[in-house]
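I have placed the structure first, in the form of structure tokens, so that the comments after it can refer back to it.
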Protein chains: 2
Amino acid sequence: MTGLIRVLLAEDQGMVRGALASLLGLEPDIEVVGEAGDGEEAVAVAVRERPDIALLDIEMPVMDGIAAAAGIRARVPGCQVMILTTFGRPGYLRAAMEAGAVAFLVKDSPARELAAAVRRVRAGERVIDPGLAAAALSAGPNPLSPRERDVLVAAADGASIGDIAGRLHLSEGTVRNYLSSAIQKTHARNRIEAVRRAQAHGWLPGRLPGRPDGGVT
Amino acid sequence: MTGLIRVLLAEDQGMVRGALASLLGLEPDIEVVGEAGDGEEAVAVAVRERPDIALLDIEMPVMDGIAAAAGIRARVPGCQVMILTTFGRPGYLRAAMEAGAVAFLVKDSPARELAAAVRRVRAGERVIDPGLAAAALSAGPNPLSPRERDVLVAAADGASIGDIAGRLHLSEGTVRNYLSSAIQKTHARNRIEAVRRAQAHGWLPGRLPGRPDGGVT
DNA sequence: TGCCGCCTCTGACAAATGTCACCGCCGATC
DNA sequence: GATCGGCGGTGACATTTGTCAGAGGCGGCA
């Protein structure tokens, strides 16, 4: 039976999730059998519903879409994972492929491509933007060590060396050294540029903070 | 005649735009009469189609949704402007109201609220999240001077004092002074925190760069 | 076994950053 | 006419940041 294609949709913004569901719902051969607002929920629903396809956003709270992809691949072997994300970052694409995804779409593309991609995946194809694939290959793998990443993400929200050292239980000198090597590996000229370049490449984890920074006092 | 509600939809991400259109298309009393991918296009289409309601994203390239709102209010008096944005920032809400918008929705909300909000606006109501309104009032108006904003946005992508001075045709000392006062007004401890806090409040222009930073070399 | 990369740390140094006090010029407002 | 805020600038100063050259320890791999 090549009946309805059963799709799970994971996306943290409720309005976008609902809108995408209605978009897919227009297709006669596609059925949205589950929705999730974060990665953990996505895995849980996938285990329960056993969809043909899981369509995952990357930037989600609690657990990002890449980790959810790996979780679903491990627990629901029959389910193909597609990534649908705002940012076409080379590092995201690479990480998605390594996590077992077979498609990588960006939200910039025209809406009609979504259903088409779902059908192509169902037919066994991979769906990846050729330009993005080239960028991912030419950019090479993530050069940052885990610790360098930690320090960069901490630096990203304005923490000083001392703050970062405290947060990561490191000495200040160590933090300086990691920051310095991260700056060099990203070919940046200071930590801000390093953070931005690492983000542009998709070298930093794609998780979303639970809630804004609350600083609105 | 209280016929179909004619809606213009402006949103830069094609897939989201199409999905929202399909969501609104499900409603029997709503018709999407135009779509736009940036603020300039939104104004042009509004002038041509004279919709009842313009539904605008804020973070768009070329011209942001706030500026587009003002343009539409000035040129198409019969058209009500609704803002639909990812970020519920107090400063955005305030700026949107000053630009003549009558509704402010965040994409986090459930999808079903969209059509409901459109109908309420059509009936003459304003639609604003009460919590967000309170935050906007308690946060007070934007304390940053235009020049302080300029310097902060330049600092946001990693430029050094010298870079900023060159870009803005100022002396380095002047840039330091603006940066310092921006840091104090935002109660931050360095420029990165200042940028982040200003962004969180919605005190920086909500435009999107034409394309990423190209640094993927 | 040796080599390599990563982790952690120290100490010293130059350069960039942030602060402060102060200057004059303009335009708006009381 | 005076006052105030914004704009643009200078010079001096303390602090922070970024760099470099080391050091030892760990685990993997040839």
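Naming scheme: A, B, ... for chains in displayed order of the structure tokens; residues 1 onward per chain; ligands 1 onward as shown.
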Report task. Find the residues of chain D in contact range of chain B, meaning any atom within 12 Å when counting only C-alpha atoms (C1' of nucleotides), and list them as a list in words. Result ->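 Result, ordered by chain then number: DG5, DG6, DC7, DG8, DG9, DT10, DG11, DT15, DT16 and DT17 of chain D.
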Test item: chain C residues at most 8 Å from chain A, counting only C-alpha atoms (C1' of nucleotides), as a PDB file with N, CA, C and O atoms (P, O5', C5', C4', C3', O3' and C1' of nucleotides), in the first residue's frame:
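This is the output file iface-v3.pdb:
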ATOM      1  P    DC C   6      42.428  19.207  18.520  1.00  0.00           P
ATOM      2  O5'  DC C   6      42.009  19.095  20.050  1.00  0.00           O
ATOM      3  C5'  DC C   6      41.272  17.961  20.486  1.00  0.00           C
ATOM      4  C4'  DC C   6      41.389  17.869  21.993  1.00  0.00           C
ATOM      5  C3'  DC C   6      41.030  19.162  22.726  1.00  0.00           C
ATOM      6  O3'  DC C   6      39.814  18.958  23.450  1.00  0.00           O
ATOM      7  C1'  DC C   6      42.967  18.118  23.637  1.00  0.00           C
ATOM      8  P    DT C   8      38.979  21.411  30.643  1.00  0.00           P
ATOM      9  O5'  DT C   8      40.222  22.030  31.432  1.00  0.00           O
ATOM     10  C5'  DT C   8      40.856  21.266  32.433  1.00  0.00           C
ATOM     11  C4'  DT C   8      42.154  21.912  32.840  1.00  0.00           C
ATOM     12  C3'  DT C   8      42.077  23.402  33.167  1.00  0.00           C
ATOM     13  O3'  DT C   8      41.878  23.571  34.556  1.00  0.00           O
ATOM     14  C1'  DT C   8      44.123  22.759  32.098  1.00  0.00           C
ATOM     15  P    DC C   9      41.797  25.036  35.181  1.00  0.00           P
ATOM     16  O5'  DC C   9      43.300  25.582  35.179  1.00  0.00           O
ATOM     17  C5'  DC C   9      44.291  24.940  35.983  1.00  0.00           C
ATOM     18  C4'  DC C   9      45.663  25.447  35.614  1.00  0.00           C
ATOM     19  C3'  DC C   9      45.868  26.957  35.726  1.00  0.00           C
ATOM     20  O3'  DC C   9      46.262  27.300  37.047  1.00  0.00           O
ATOM     21  C1'  DC C   9      47.095  25.950  33.908  1.00  0.00           C
ATOM     22  P    DT C  10      46.405  28.848  37.448  1.00  0.00           P
ATOM     23  O5'  DT C  10      47.871  29.260  36.953  1.00  0.00           O
ATOM     24  C5'  DT C  10      49.001  28.499  37.342  1.00  0.00           C
ATOM     25  C4'  DT C  10      50.232  29.123  36.697  1.00  0.00           C
ATOM     26  C3'  DT C  10      50.326  30.636  36.877  1.00  0.00           C
ATOM     27  O3'  DT C  10      51.424  30.938  37.718  1.00  0.00           O
ATOM     28  C1'  DT C  10      50.782  29.964  34.609  1.00  0.00           C
TER      29       DT C  10
END
Query raised in the report: Hey, what's within 8 Å of A:Gly78 if we count only C-alpha atoms (C1' of nucleotides) and toss same-chain stuff fewer than 2 positions away? As a list in words, please?
Result: Arg50, Asp52, Val76 and Gln80 of chain A
Report task. Up to 6 Å from chain B, what residues of chain A turn up? Count only C-alpha atoms and give them as a list in words. Result ->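 Taking only C-alpha atoms into account, Gln13, Gly14, Met15, Gly18, Ala19, Leu20, Ser22, Leu23, Lys107, Asp108, Ser109, Pro110, Ala111, Gly158, Ile192 and Glu193 of chain A sit within 6 Å of chain B.
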Requested in this report: Just the residues within 12 Å of D:DA30, please, counting only C-alpha atoms (C1' of nucleotides), with nothing from its chain fewer than 4 positions along; format it as a PyMOL selection string.
Outcome: chain C and resi 1-4
Query raised in the report: Which of these residues is nearest to D:DT19, using only C-alpha atoms (C1' of nucleotides): A:Asn177, A:Glu125, A:Pro205, A:Gly34?
Result: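 Of A:Asn177, A:Glu125, A:Pro205, A:Gly34, the one nearest D:DT19, counting only C-alpha atoms (C1' of nucleotides), is A:Asn177.
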Query - Sel. of strand (DSSP E or B) residues, stretch 30-208 of chain A, as a VMD selection string - result: chain A and resid 30 to 36 53 to 56 60 80 to 85 103 to 106 127 to 128 207
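Between atom CA of B:Arg6 and atom CA of B:Asp64 the separation is 22.0 Å.
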Query raised in the report: Can you list, as a PyMOL selection string, every residue of stretch 2-215 of chain B that DSSP puts in helix (DSSP H, G or I)?
Result: chain B and resi 14-25+39-49+65-75+90-98+112-122+130-139+146-156+161-168+172-185+191-201
Query raised in the report: When distances are computed from only C-alpha atoms (C1' of nucleotides), which of B:Leu132, B:Val45, B:Ser181, B:Met82 shows the smallest separation from C:DC20?
Result: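 Nearest to C:DC20: B:Ser181.
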Report task. Excluding stretch 66-71 of chain B and any residue of its chain fewer than 4 positions from it, enumerate the residues within 10 Å of it, using only C-alpha atoms (C1' of nucleotides), and give them as an MDAnalysis selection string. Result -> chainID B and resid 10 38:44 46:47 54:60 75:76 79:83 92:93 95:101 205:207
Query raised in the report: Between D:DC26, D:DA21, D:DA2, D:DA14, which one has atoms that come closest to C:DC7, using only C-alpha atoms (C1' of nucleotides)?
Result: D:DC26
**Report entry** Distance of atom CA of B:Glu49 from atom CA of B:Val62, expressed in Å to one decimal place
**Finding:** 20.9 Å
